[in-house]
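Dropping upload_3.txt in here (compact mmCIF, C-alpha atoms and all ligand atoms):
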```
# COMPACT_ATOMS: atom_id res chain seq x y z
CA MET A 1 3.63 -6.07 -35.99
CA PRO A 2 3.36 -9.83 -36.68
CA LEU A 3 6.07 -10.67 -34.13
CA ILE A 4 4.23 -8.91 -31.30
CA ASP A 5 0.88 -10.35 -32.36
CA THR A 6 2.40 -13.81 -32.51
CA ILE A 7 4.25 -13.96 -29.23
CA ILE A 8 2.64 -11.49 -26.80
CA ARG A 9 -0.57 -12.43 -24.96
CA PRO A 10 -3.60 -10.45 -26.21
CA ASP A 11 -4.43 -9.23 -22.69
CA ILE A 12 -0.88 -7.88 -22.27
CA ARG A 13 -1.07 -6.16 -25.68
CA ALA A 14 -4.32 -4.52 -24.55
CA MET A 15 -2.73 -3.16 -21.34
CA SER A 16 -1.01 0.18 -20.94
CA VAL A 17 2.24 0.72 -19.04
CA TYR A 18 1.84 1.71 -15.36
CA HIS A 19 2.26 5.45 -15.62
CA VAL A 20 4.22 7.41 -13.03
CA PRO A 21 4.27 11.17 -13.77
CA ASP A 22 7.63 12.97 -13.81
CA SER A 23 7.75 14.84 -10.51
CA THR A 24 10.89 16.93 -11.06
CA GLY A 25 10.29 20.38 -9.57
CA PHE A 26 6.94 19.41 -8.06
CA LEU A 27 5.72 19.28 -4.50
CA LYS A 28 5.09 15.55 -4.45
CA LEU A 29 1.89 14.65 -2.59
CA ASP A 30 0.67 11.83 -4.82
CA ALA A 31 2.42 8.66 -3.64
CA MET A 32 2.13 8.47 0.16
CA GLU A 33 5.85 8.91 0.69
CA ASN A 34 7.27 9.94 4.06
CA PRO A 35 8.75 13.45 3.53
CA TYR A 36 11.31 13.08 6.33
CA THR A 37 14.85 11.72 5.95
CA LEU A 38 17.16 10.16 8.52
CA PRO A 39 19.16 12.53 10.74
CA ASP A 40 22.67 13.36 9.42
CA GLU A 41 24.58 11.20 11.95
CA LEU A 42 22.52 8.15 11.02
CA ARG A 43 22.97 8.82 7.31
CA ALA A 44 26.73 8.97 7.77
CA GLU A 45 26.71 5.73 9.76
CA LEU A 46 24.51 4.06 7.15
CA GLY A 47 26.91 5.19 4.42
CA GLN A 48 29.74 3.45 6.22
CA ARG A 49 27.75 0.25 6.62
CA LEU A 50 26.75 0.26 2.95
CA ALA A 51 30.38 0.81 1.94
CA ASP A 52 31.29 -2.42 3.74
CA VAL A 53 28.66 -4.51 1.93
CA ALA A 54 30.10 -7.25 -0.28
CA MET A 55 28.44 -6.21 -3.54
CA ASN A 56 30.47 -8.81 -5.43
CA ARG A 57 28.59 -11.60 -3.60
CA TYR A 58 25.07 -12.84 -4.06
CA PRO A 59 22.82 -12.31 -1.05
CA VAL A 60 22.46 -15.31 1.27
CA PRO A 61 18.88 -16.24 0.37
CA SER A 62 17.83 -17.30 3.88
CA TYR A 63 18.02 -13.63 4.99
CA THR A 64 18.12 -14.87 8.59
CA ALA A 65 19.31 -11.66 10.26
CA LEU A 66 16.96 -9.37 8.32
CA LYS A 67 13.97 -11.61 9.02
CA ALA A 68 14.82 -11.80 12.72
CA SER A 69 15.11 -8.03 12.85
CA ILE A 70 11.73 -7.55 11.13
CA CYS A 71 10.09 -10.02 13.53
CA ARG A 72 11.66 -8.38 16.59
CA HIS A 73 11.04 -4.73 15.69
CA LEU A 74 7.79 -4.81 13.72
CA GLY A 75 5.48 -6.82 15.95
CA VAL A 76 5.42 -10.24 14.27
CA PRO A 77 4.07 -12.68 16.89
CA ALA A 78 6.45 -15.28 18.35
CA GLY A 79 6.55 -18.48 16.30
CA PHE A 80 5.67 -16.81 12.98
CA ASP A 81 8.20 -16.54 10.15
CA VAL A 82 8.13 -13.92 7.38
CA VAL A 83 8.45 -14.19 3.60
CA LEU A 84 10.28 -11.20 2.07
CA GLY A 85 9.35 -9.39 -1.12
CA ASN A 86 10.90 -6.69 -3.29
CA GLY A 87 8.13 -4.40 -2.08
CA SER A 88 4.72 -5.84 -1.24
CA ASP A 89 4.01 -5.59 -4.96
CA GLU A 90 6.24 -8.63 -5.39
CA LEU A 91 4.55 -10.46 -2.51
CA ILE A 92 1.18 -9.91 -4.21
CA ALA A 93 2.65 -11.30 -7.45
CA MET A 94 4.04 -14.33 -5.56
CA VAL A 95 0.64 -15.09 -3.99
CA SER A 96 -1.00 -14.83 -7.42
CA VAL A 97 1.47 -17.21 -9.03
CA ALA A 98 1.23 -19.74 -6.19
CA CYS A 99 -2.60 -19.78 -6.39
CA ALA A 100 -3.00 -19.60 -10.18
CA GLN A 101 -4.94 -22.79 -10.82
CA PRO A 102 -7.49 -22.98 -13.66
CA GLY A 103 -10.67 -21.19 -12.57
CA ALA A 104 -9.17 -19.74 -9.37
CA LYS A 105 -10.41 -16.28 -8.38
CA VAL A 106 -9.08 -13.27 -6.49
CA LEU A 107 -11.56 -11.08 -4.65
CA ALA A 108 -11.23 -7.62 -3.11
CA PRO A 109 -13.44 -4.66 -2.30
CA VAL A 110 -13.34 -1.85 -4.88
CA PRO A 111 -12.20 0.84 -5.08
CA GLY A 112 -9.01 -0.65 -3.67
CA PHE A 113 -5.31 -1.11 -4.35
CA VAL A 114 -4.96 -1.63 -8.12
CA MET A 115 -2.12 -4.15 -7.91
CA TYR A 116 -4.48 -6.87 -6.60
CA ALA A 117 -6.35 -6.88 -9.91
CA VAL A 118 -3.29 -6.29 -12.11
CA SER A 119 -1.32 -9.08 -10.48
CA ALA A 120 -4.27 -11.49 -10.68
CA GLN A 121 -4.66 -10.79 -14.38
CA LEU A 122 -0.95 -11.22 -15.11
CA ALA A 123 -1.00 -14.62 -13.41
CA GLY A 124 -4.14 -15.66 -15.31
CA LEU A 125 -6.53 -15.46 -12.36
CA GLU A 126 -9.98 -13.91 -12.53
CA PHE A 127 -10.41 -10.78 -10.39
CA VAL A 128 -13.75 -10.12 -8.70
CA GLY A 129 -14.22 -6.60 -7.33
CA VAL A 130 -17.00 -6.09 -4.79
CA PRO A 131 -18.09 -2.44 -4.49
CA LEU A 132 -17.79 -0.76 -1.11
CA ALA A 133 -20.80 0.99 0.40
CA ALA A 134 -21.19 4.68 -0.56
CA ASP A 135 -19.49 5.73 2.70
CA PHE A 136 -16.51 3.48 1.74
CA SER A 137 -17.24 0.93 4.49
CA LEU A 138 -17.32 -2.78 3.64
CA ASP A 139 -20.60 -3.95 2.14
CA LEU A 140 -20.60 -7.08 4.27
CA PRO A 141 -23.68 -8.78 2.75
CA ALA A 142 -22.25 -8.22 -0.76
CA MET A 143 -18.84 -9.53 0.32
CA LEU A 144 -20.35 -12.66 1.91
CA ALA A 145 -22.55 -13.28 -1.13
CA ALA A 146 -19.57 -12.94 -3.50
CA ILE A 147 -17.47 -15.27 -1.33
CA ALA A 148 -20.26 -17.89 -1.37
CA LEU A 149 -20.66 -17.53 -5.14
CA TYR A 150 -17.01 -17.41 -6.27
CA ARG A 151 -15.16 -19.27 -3.47
CA PRO A 152 -12.08 -17.03 -4.03
CA ALA A 153 -8.66 -18.59 -3.54
CA VAL A 154 -7.34 -15.18 -2.46
CA THR A 155 -9.24 -12.31 -0.79
CA TYR A 156 -7.50 -8.99 -0.12
CA LEU A 157 -8.52 -6.54 2.60
CA ALA A 158 -6.34 -3.43 2.82
CA TYR A 159 -6.35 -2.23 6.44
CA PRO A 160 -6.65 0.75 6.09
CA ASN A 161 -7.85 0.83 2.49
CA ASN A 162 -6.17 2.77 -0.33
CA PRO A 163 -7.43 5.11 -1.86
CA THR A 164 -10.26 5.65 0.64
CA GLY A 165 -8.08 5.89 3.77
CA ALA A 166 -10.14 4.47 6.63
CA LEU A 167 -9.88 1.16 8.48
CA PHE A 168 -12.62 -1.35 7.72
CA ASP A 169 -14.70 -2.61 10.63
CA ALA A 170 -12.63 -5.36 12.27
CA ASP A 171 -15.68 -7.51 13.13
CA ALA A 172 -16.81 -7.43 9.49
CA MET A 173 -13.31 -8.52 8.46
CA VAL A 174 -13.43 -11.45 10.90
CA GLN A 175 -16.76 -12.53 9.40
CA ILE A 176 -15.13 -12.45 5.95
CA ILE A 177 -12.13 -14.48 7.16
CA ARG A 178 -14.52 -17.06 8.67
CA ALA A 179 -16.71 -17.15 5.54
CA VAL A 180 -13.69 -17.79 3.29
CA GLY A 181 -12.78 -20.61 5.68
CA ASP A 182 -10.55 -23.39 4.44
CA THR A 183 -11.11 -22.75 0.73
CA GLY A 184 -9.04 -19.55 0.50
CA VAL A 185 -6.52 -17.22 2.08
CA VAL A 186 -7.39 -13.75 3.30
CA ILE A 187 -4.56 -11.26 2.95
CA VAL A 188 -4.83 -8.30 5.29
CA ASP A 189 -2.62 -5.65 3.68
CA GLU A 190 -1.30 -3.37 6.41
CA ALA A 191 0.81 -1.03 4.25
CA TYR A 192 -0.36 1.94 6.37
CA GLN A 193 -0.04 0.29 9.79
CA PRO A 194 2.36 2.98 11.14
CA PHE A 195 -0.41 5.54 10.70
CA ALA A 196 -3.36 3.35 11.69
CA GLN A 197 -1.81 1.70 14.72
CA ALA A 198 -4.25 -1.16 14.26
CA THR A 199 -3.22 -4.65 13.19
CA PHE A 200 -4.37 -8.24 12.71
CA MET A 201 -0.91 -9.59 13.67
CA PRO A 202 -2.06 -10.72 17.16
CA ARG A 203 -4.95 -12.66 15.58
CA LEU A 204 -2.82 -14.80 13.24
CA ALA A 205 -2.97 -17.82 15.55
CA GLU A 206 -6.80 -17.73 15.48
CA PHE A 207 -7.12 -18.07 11.70
CA PRO A 208 -5.04 -20.57 9.69
CA ASN A 209 -6.20 -18.86 6.44
CA LEU A 210 -5.05 -15.36 7.50
CA VAL A 211 -1.93 -13.70 6.07
CA VAL A 212 -0.76 -10.27 7.22
CA MET A 213 1.23 -8.33 4.59
CA ARG A 214 3.25 -5.19 5.26
CA THR A 215 5.82 -2.94 3.63
CA VAL A 216 8.43 -0.45 4.83
CA SER A 217 7.49 1.87 1.93
CA LYS A 218 5.02 4.19 3.67
CA LEU A 219 7.15 4.16 6.83
CA GLY A 220 9.91 6.07 5.05
CA LEU A 221 11.80 3.51 2.97
CA ALA A 222 9.85 3.40 -0.29
CA GLY A 223 13.08 3.49 -2.33
CA ILE A 224 14.66 0.35 -0.91
CA ARG A 225 11.70 -1.89 -1.93
CA LEU A 226 11.03 -4.24 0.97
CA GLY A 227 7.81 -5.96 1.97
CA TYR A 228 7.06 -8.91 4.24
CA MET A 229 4.18 -11.22 4.95
CA THR A 230 3.44 -13.74 7.63
CA GLY A 231 0.88 -16.42 8.38
CA SER A 232 0.72 -20.15 9.08
CA ALA A 233 3.97 -22.05 8.56
CA ALA A 234 2.23 -24.28 6.01
CA LEU A 235 1.23 -21.31 3.84
CA MET A 236 4.58 -19.52 4.16
CA THR A 237 6.42 -22.69 3.12
CA GLU A 238 4.48 -22.75 -0.15
CA PHE A 239 4.78 -19.00 -0.87
CA GLU A 240 8.51 -19.19 -0.13
CA LYS A 241 8.89 -21.63 -3.04
CA VAL A 242 7.70 -18.94 -5.48
CA ARG A 243 10.06 -16.26 -4.15
CA PRO A 244 13.00 -15.54 -6.48
CA PRO A 245 15.97 -16.68 -4.34
CA TYR A 246 17.90 -13.36 -4.38
CA ASN A 247 14.93 -10.96 -4.51
CA ILE A 248 16.21 -8.74 -1.68
CA ASN A 249 19.50 -7.18 -2.76
CA VAL A 250 22.41 -6.78 -0.37
CA LEU A 251 22.10 -2.96 -0.19
CA THR A 252 18.42 -3.18 0.77
CA GLN A 253 19.22 -5.89 3.28
CA CYS A 254 21.95 -3.79 4.90
CA ALA A 255 19.92 -0.56 4.90
CA ALA A 256 16.84 -2.23 6.37
CA GLU A 257 18.82 -3.95 9.13
CA PHE A 258 20.44 -0.61 10.00
CA VAL A 259 17.24 1.44 10.00
CA LEU A 260 15.36 -1.18 12.03
CA GLU A 261 17.96 -0.69 14.79
CA HIS A 262 16.71 2.92 14.87
CA CYS A 263 12.96 2.29 14.69
CA ASP A 264 12.38 5.09 17.19
CA VAL A 265 13.32 7.62 14.47
CA LEU A 266 10.71 6.26 12.05
CA ASP A 267 8.12 5.98 14.82
CA ALA A 268 8.64 9.65 15.70
CA GLN A 269 8.20 10.63 12.04
CA ALA A 270 4.97 8.61 11.82
CA ALA A 271 3.71 10.36 14.97
CA LEU A 272 4.37 13.77 13.37
CA LEU A 273 2.47 12.70 10.27
CA ARG A 274 -0.46 11.44 12.34
CA ALA A 275 -0.67 14.80 14.13
CA GLU A 276 -0.53 16.63 10.80
CA ARG A 277 -3.23 14.34 9.40
CA THR A 278 -5.62 15.57 12.10
CA ARG A 279 -4.80 19.21 11.41
CA VAL A 280 -4.88 18.92 7.60
CA ALA A 281 -8.12 16.91 7.54
CA ALA A 282 -9.87 19.61 9.58
CA ALA A 283 -8.45 22.37 7.37
CA LEU A 284 -9.48 20.54 4.15
CA ASP A 285 -12.96 19.90 5.46
CA ALA A 286 -13.31 23.59 6.35
CA LEU A 287 -12.69 24.64 2.72
CA PRO A 288 -15.94 25.60 0.99
CA GLY A 289 -17.08 22.88 -1.41
CA VAL A 290 -14.70 20.23 -0.03
CA VAL A 291 -15.52 17.14 2.03
CA ALA A 292 -12.62 15.27 3.68
CA PHE A 293 -13.19 11.58 4.39
CA PRO A 294 -11.88 10.08 7.65
CA SER A 295 -8.36 8.64 7.33
CA ASP A 296 -6.24 6.19 9.30
CA ALA A 297 -3.45 6.41 6.71
CA ASN A 298 -0.89 9.05 5.68
CA PHE A 299 -3.18 10.44 2.98
CA ILE A 300 -6.59 12.07 2.91
CA LEU A 301 -9.30 11.48 0.32
CA VAL A 302 -11.38 14.57 -0.43
CA ARG A 303 -14.39 15.17 -2.61
CA VAL A 304 -14.75 18.44 -4.49
CA LEU A 305 -18.47 19.21 -4.68
CA GLY A 306 -18.09 21.39 -7.79
CA ARG A 307 -20.60 23.35 -9.81
CA GLY A 308 -23.47 20.96 -9.26
CA GLN A 309 -23.59 21.97 -5.60
CA GLY A 310 -23.30 25.68 -6.31
CA HIS A 311 -19.54 25.83 -5.86
CA GLY A 312 -16.99 27.04 -8.38
CA GLN A 313 -14.58 24.36 -9.53
CA SER A 314 -14.76 20.67 -10.43
CA ALA A 315 -12.26 18.13 -9.07
CA ASN A 316 -10.61 17.98 -12.51
CA ASP A 317 -10.27 21.78 -12.59
CA VAL A 318 -8.76 21.79 -9.11
CA SER A 319 -6.35 18.98 -9.95
CA ALA A 320 -5.18 20.75 -13.15
CA ASN A 321 -4.87 24.03 -11.28
CA LEU A 322 -2.67 22.41 -8.61
CA LEU A 323 -0.48 20.94 -11.37
CA ASP A 324 -0.02 24.49 -12.75
CA ARG A 325 1.08 25.46 -9.25
CA LYS A 326 3.62 22.60 -9.32
CA ILE A 327 1.77 20.46 -6.80
CA LEU A 328 1.26 16.79 -7.59
CA ILE A 329 -1.72 15.01 -6.01
CA LYS A 330 -3.67 12.00 -7.29
CA ASN A 331 -6.90 12.57 -9.15
CA VAL A 332 -8.72 9.29 -8.43
CA GLY A 333 -12.10 10.39 -9.81
CA LYS A 334 -11.92 8.07 -12.82
CA MET A 335 -10.72 5.01 -10.87
CA HIS A 336 -14.20 3.94 -9.78
CA GLY A 337 -17.73 5.35 -9.83
CA LEU A 338 -17.78 5.62 -6.04
CA LEU A 339 -14.77 7.97 -6.22
CA HIS A 340 -16.39 10.58 -8.45
CA ASP A 341 -14.86 14.05 -7.92
CA CYS A 342 -12.32 12.65 -5.45
CA LEU A 343 -8.68 13.63 -4.97
CA ARG A 344 -6.13 11.78 -2.84
CA ILE A 345 -3.61 13.94 -1.01
CA THR A 346 -0.53 12.67 0.86
CA VAL A 347 0.04 14.16 4.33
CA SER A 348 3.49 15.75 4.49
CA THR A 349 5.49 18.19 6.65
CA PRO A 350 3.65 21.16 8.23
CA GLN A 351 5.29 23.51 5.68
CA GLU A 352 4.34 21.40 2.65
CA ASN A 353 0.84 20.85 3.99
CA ASP A 354 0.40 24.62 4.37
CA LEU A 355 1.51 25.13 0.76
CA LEU A 356 -1.06 22.55 -0.35
CA LEU A 357 -3.85 24.12 1.72
CA GLU A 358 -3.11 27.62 0.39
CA ALA A 359 -2.93 26.40 -3.21
CA LEU A 360 -6.12 24.40 -2.85
CA ALA A 361 -8.00 27.36 -1.38
CA ALA A 362 -6.81 29.49 -4.32
CA ALA A 363 -7.65 26.79 -6.87
CA LEU A 364 -11.20 26.49 -5.50
CA SER A 365 -12.01 30.19 -5.67
C1 LIG B 401 1.44 1.54 -1.26
C2 LIG B 401 0.73 0.26 -1.03
C3 LIG B 401 1.41 -0.95 -1.11
C4 LIG B 401 2.80 -0.93 -1.59
O1 LIG B 401 3.70 -1.44 -1.55
P1 LIG B 401 5.22 -1.56 -1.93
O2 LIG B 401 5.75 -2.29 -0.76
O3 LIG B 401 5.75 -0.17 -2.05
O4 LIG B 401 5.25 -2.36 -3.17
C5 LIG B 401 0.73 -2.13 -0.82
N1 LIG B 401 -0.55 -2.10 -0.48
C6 LIG B 401 -1.25 -0.95 -0.41
C7 LIG B 401 -2.68 -0.98 -0.02
C8 LIG B 401 -0.62 0.26 -0.69
O5 LIG B 401 -1.32 1.39 -0.66
```

Please express the file's structure as structure tokens.
Ligand SMILES: *Cc1c(COP(=O)(O)O)cnc(C)c1O
Amino acid sequence: MPLIDTIIRPDIRAMSVYHVPDSTGFLKLDAMENPYTLPDELRAELGQRLADVAMNRYPVPSYTALKASICRHLGVPAGFDVVLGNGSDELIAMVSVACAQPGAKVLAPVPGFVMYAVSAQLAGLEFVGVPLAADFSLDLPAMLAAIALYRPAVTYLAYPNNPTGALFDADAMVQIIRAVGDTGVVIVDEAYQPFAQATFMPRLAEFPNLVVMRTVSKLGLAGIRLGYMTGSAALMTEFEKVRPPYNINVLTQCAAEFVLEHCDVLDAQAALLRAERTRVAAALDALPGVVAFPSDANFILVRVLGRGQGHGQSANDVSANLLDRKILIKNVGKMHGLLHDCLRITVSTPQENDLLLEALAAALS
């Protein structure tokens, strides 16, 4: 293929396409989606609002009303503006592009959210992954040493972390933000904030190099693709320049403005999922040969101890067995050495969680 070899970057040619398995007919517990929908009356009202949207017009790229609604309803401190992304994936890409100078580096603990590394590579930045401690807490000395050595332009801290699930120690994060200082930005990715109920938003004024990034995806709106980030006006002004002018489409804009008027509905759904998380974590941990790690998110990471520990099935066996039973979870065992024999399971409705627990118990025996 001379054409491909001639025009496509070698690193792109070496990549594989981001694979999303076909989930038709499956119980879908692999992608941290909210299983609940809006009540019927709200859906009908939303339908009416969407019908009135001027789809023949471009969006107005200032997005003033949507931004104001996000700031008002989602706890952005007074005086801070947001930059909008087509999902936080696009925000991560925008940060990479804005910071892609020769030699610039992106740093994050690993295992972590894969898009930090993918986006860095696509923008031509070097990614430095710093392994977590074996209990999935931050290895603070290793992080500080890597920051001193590489002086990263961008450091990501997912709070809580995906795929491990727990919040990092906030004091350790502050030490990292201070160590990065005025030679880099620290992006605290709060994708799971509705389930963690912990946030760095109130600390934005303390740290001019801090950016807080969020998404409405895990809250129940994964399909509309909307993320936002906030931080110092000086930083947001620069990131805003990289944003494609019409990146939030008019249907997303309308749907988000409508749903944010009814935040109480999403908050109640998040509360149900938090209660289920407690119940499901205890039930998973009680299964013979399974260890459930603590979670502040809407998923639970488990380790299957397998044959080595005198139990029956390996994590791969269990994962394949669940697939046969039409249940989709994420086998993260190959993502990173620290995640050996680990599976990531999304917390869902009580009924779906019971199906998972029964199937898992059967798959283990
Ligand atoms: C799911 C997830 C996101 C995703 O974002 P989108 O807004 O759906 O693109 C971002 N960060 C982390 C850590 C996530 O787990």

Env. residues ligand LIG 401 (chain B) / 8 Å / all atoms listed in the file / as JSON, numbers by chain: {"A": [31, 32, 85, 86, 87, 88, 89, 90, 112, 113, 115, 158, 159, 160, 161, 162, 163, 189, 190, 191, 192, 214, 215, 216, 217, 218, 222, 225, 226, 227]}

Among listed residues A:Lys105, A:Gln269, A:Val188, A:Phe168, nearest Ile147 (chain A) (using all atoms listed in the file):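 That would be A:Lys105, the residue with the smallest distance to Ile147 (chain A).
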
Option closest in space to Tyr63 (chain A), from A:Val82, A:Ala146, A:Ser365, A:Leu38 [counting all atoms listed in the file]: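 Selected residue with least distance to Tyr63 (chain A): A:Val82.
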
Nearest-residue call for Asn298 (chain A), choices A:Thr6, A:Asn249, A:Thr349, A:Thr230, using all atoms listed in the file: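 Smallest distance to Asn298 (chain A) is found for A:Thr349.
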
A:Glu41, A:Glu240, A:Asp135, A:Asp22 ranked by distance to Arg303 (chain A), top pick (using all atoms listed in the file): A:Asp135

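With only C-alpha atoms as the atoms that count, the minimum distance from Leu266 (chain A) to the choices A:Ala133, A:Leu221, A:Ala148, A:Val347 is reached by A:Leu221.
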
Within 12 Å of Gly312 (chain A) using only C-alpha atoms, minus same-chain residues under 2 positions, as a PyMOL selection string: chain A and resi 288-290+304-310+314-318+361-365
